[in-house]
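Pasting upload_6.txt here (compact mmCIF, C-alpha atoms):
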```txt
# COMPACT_ATOMS: atom_id res chain seq x y z
CA GLU A 1 -58.96 -37.39 9.79
CA LYS A 2 -58.24 -38.98 6.43
CA TYR A 3 -61.93 -39.85 6.07
CA MET A 4 -62.90 -36.20 6.60
CA GLU A 5 -60.34 -35.06 4.02
CA GLU A 6 -61.80 -37.47 1.49
CA ILE A 7 -65.33 -36.22 2.14
CA ILE A 8 -64.23 -32.60 1.71
CA GLU A 9 -62.26 -33.39 -1.43
CA HIS A 10 -65.12 -35.34 -3.03
CA THR A 11 -67.64 -32.64 -2.15
CA LEU A 12 -65.49 -29.89 -3.69
CA SER A 13 -64.92 -32.10 -6.71
CA LEU A 14 -68.67 -32.56 -7.15
CA LEU A 15 -69.33 -28.84 -6.74
CA SER A 16 -66.70 -27.93 -9.30
CA LEU A 17 -68.13 -30.15 -12.05
CA ASN A 18 -68.63 -28.14 -15.22
CA LEU A 19 -67.46 -24.92 -13.55
CA GLU A 20 -64.34 -24.54 -15.65
CA GLN A 21 -66.34 -24.90 -18.87
CA SER A 22 -69.04 -22.47 -17.70
CA VAL A 23 -66.46 -19.88 -16.59
CA LYS A 24 -64.98 -19.92 -20.10
CA SER A 25 -68.38 -20.01 -21.79
CA THR A 26 -70.00 -16.78 -22.88
CA SER A 27 -73.29 -18.41 -23.83
CA SER A 28 -76.40 -17.45 -21.88
CA ASP A 29 -77.61 -21.08 -22.03
CA LYS A 30 -75.97 -22.77 -19.06
CA ALA A 31 -76.80 -26.14 -17.57
CA LEU A 32 -77.61 -26.35 -13.89
CA GLU A 33 -74.57 -27.45 -11.99
CA PRO A 34 -74.38 -29.38 -8.69
CA ILE A 35 -73.57 -26.19 -6.78
CA TYR A 36 -76.98 -24.75 -7.74
CA PHE A 37 -78.79 -27.81 -6.41
CA LEU A 38 -76.85 -27.64 -3.15
CA SER A 39 -77.73 -23.96 -2.81
CA LEU A 40 -81.40 -24.88 -3.12
CA LEU A 41 -81.07 -27.51 -0.40
CA ASP A 42 -78.98 -25.40 1.98
CA ILE A 43 -79.69 -21.73 1.33
CA ARG A 44 -77.52 -20.48 4.19
CA ALA A 45 -74.56 -22.76 3.36
CA THR A 46 -74.43 -24.17 6.88
CA TRP A 47 -72.26 -27.04 5.62
CA PHE A 48 -69.56 -24.54 4.67
CA LYS A 49 -69.83 -22.67 7.96
CA LYS A 50 -69.34 -25.93 9.85
CA TRP A 51 -66.34 -26.88 7.73
CA MET A 52 -64.74 -23.47 8.30
CA HIS A 53 -65.35 -23.50 12.06
CA GLY A 54 -62.81 -26.14 13.08
CA TYR A 55 -59.12 -25.51 12.55
CA TYR A 56 -58.35 -28.86 10.94
CA SER A 57 -61.26 -28.86 8.50
CA ARG A 58 -60.70 -25.17 7.67
CA THR A 59 -57.08 -25.95 6.82
CA VAL A 60 -58.12 -28.78 4.52
CA VAL A 61 -60.81 -26.70 2.78
CA LEU A 62 -58.55 -23.70 2.20
CA ARG A 63 -55.66 -25.87 0.98
CA LEU A 64 -57.91 -27.68 -1.50
CA LEU A 65 -59.53 -24.45 -2.71
CA GLU A 66 -56.14 -22.88 -3.23
CA ASN A 67 -54.49 -25.82 -4.95
CA LYS A 68 -57.20 -27.72 -6.84
CA TYR A 69 -60.53 -25.90 -6.89
CA LYS A 70 -59.84 -22.29 -7.82
CA SER A 71 -62.76 -22.49 -10.24
CA LEU A 72 -65.13 -22.59 -7.23
CA ILE A 73 -63.69 -19.33 -5.94
CA VAL A 74 -63.92 -17.71 -9.38
CA ALA A 75 -67.52 -18.86 -9.84
CA SER A 76 -68.49 -17.60 -6.37
CA LEU A 77 -66.98 -14.19 -7.03
CA GLN A 78 -68.70 -13.99 -10.41
CA GLN A 79 -72.04 -14.72 -8.74
CA CYS A 80 -71.44 -11.98 -6.17
CA ILE A 81 -70.52 -9.48 -8.87
CA HIS A 82 -73.53 -10.45 -10.96
CA TYR A 83 -75.83 -10.06 -7.94
CA PHE A 84 -74.30 -6.70 -7.04
CA GLU A 85 -74.68 -5.41 -10.61
CA SER A 86 -78.27 -6.64 -10.88
CA THR A 87 -79.35 -4.98 -7.61
CA GLU A 88 -77.46 -1.79 -8.39
CA SER A 89 -79.53 -1.17 -11.52
CA VAL A 90 -82.91 -1.52 -9.75
CA PRO A 91 -84.24 1.89 -8.61
CA GLY A 92 -85.73 2.15 -5.14
CA GLU A 93 -83.74 -0.77 -3.71
CA THR A 94 -81.38 -0.69 -0.76
CA PRO A 95 -78.36 1.50 -1.58
CA SER A 96 -75.23 -0.26 -2.75
CA CYS A 97 -71.96 -0.23 -0.83
CA THR A 98 -70.62 2.68 -2.87
CA GLN A 99 -73.65 4.83 -2.03
CA ILE A 100 -73.45 4.33 1.72
CA GLY A 101 -71.34 6.95 3.48
CA PRO A 102 -69.53 6.44 6.79
CA THR A 103 -72.48 7.77 8.82
CA GLN A 104 -75.24 6.06 6.81
CA ARG A 105 -76.47 2.57 7.66
CA THR A 106 -79.04 0.31 6.09
CA SER A 107 -81.47 -1.57 8.26
```
Here is the file; what I need is its structure written in the form of structure tokens.
Amino acid sequence: EKYMEEIIEHTLSLLSLNLEQSVKSTSSDKALEPIYFLSLLDIRATWFKKWMHGYYSRTVVLRLLENKYKSLIVASLQQCIHYFESTESVPGETPSCTQIGPTQRTS
């Protein structure tokens, strides 16, 4: 169990490298961070799904994210917002969440 905790902690530490500086930075020139390389290798984030599946590993991940790696959560939310804003401005694309009524569904 301790071995798994160390793996999770070191992975989150690697993924959070340079995130705090890039969150504060307003420059458009950003260096590629480890999280971008991991997203290229594992597009569907199956590693994260597996970690969140088991109770023990999920507890460790959530505790570490809450206590030590909040920058990962902030960066993830910023990416989601950026993606949402970029797709919202493109005409002819799938409607955004605010445009879909209770009876409408996208396929």
Work out how far CA of Glu6 in chain A is from CA of Leu32 in chain A, in Å to one decimal.
24.7 Å
Neighbour list for range 33-46 of chain A as a CSV table (one decimal) with C-alpha atoms, in the coordinates of the input, cut-off 9 Å, all atoms listed in the file, skip fewer than 3 positions in-chain:
```csv
chain,number,residue,atom,x,y,z
A,14,LEU,CA,-68.7,-32.6,-7.2
A,15,LEU,CA,-69.3,-28.8,-6.7
A,16,SER,CA,-66.7,-27.9,-9.3
A,17,LEU,CA,-68.1,-30.2,-12.0
A,18,ASN,CA,-68.6,-28.1,-15.2
A,19,LEU,CA,-67.5,-24.9,-13.6
A,30,LYS,CA,-76.0,-22.8,-19.1
A,49,LYS,CA,-69.8,-22.7,8.0
A,50,LYS,CA,-69.3,-25.9,9.8
A,51,TRP,CA,-66.3,-26.9,7.7
```
Could you work out how far CA of Ser13 in chain A lies from CA of Ile73 in chain A, giving the answer in Å with one decimal?
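According to the coordinates, CA of Ile73 in chain A and CA of Ser13 in chain A are separated by 12.9 Å.
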Coordinates-based distance that separates CA of Glu85 in chain A from CA of Val61 in chain A (Å, one decimal):
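Value for the CA of Val61 in chain A-CA of Glu85 in chain A distance: 28.7 Å.
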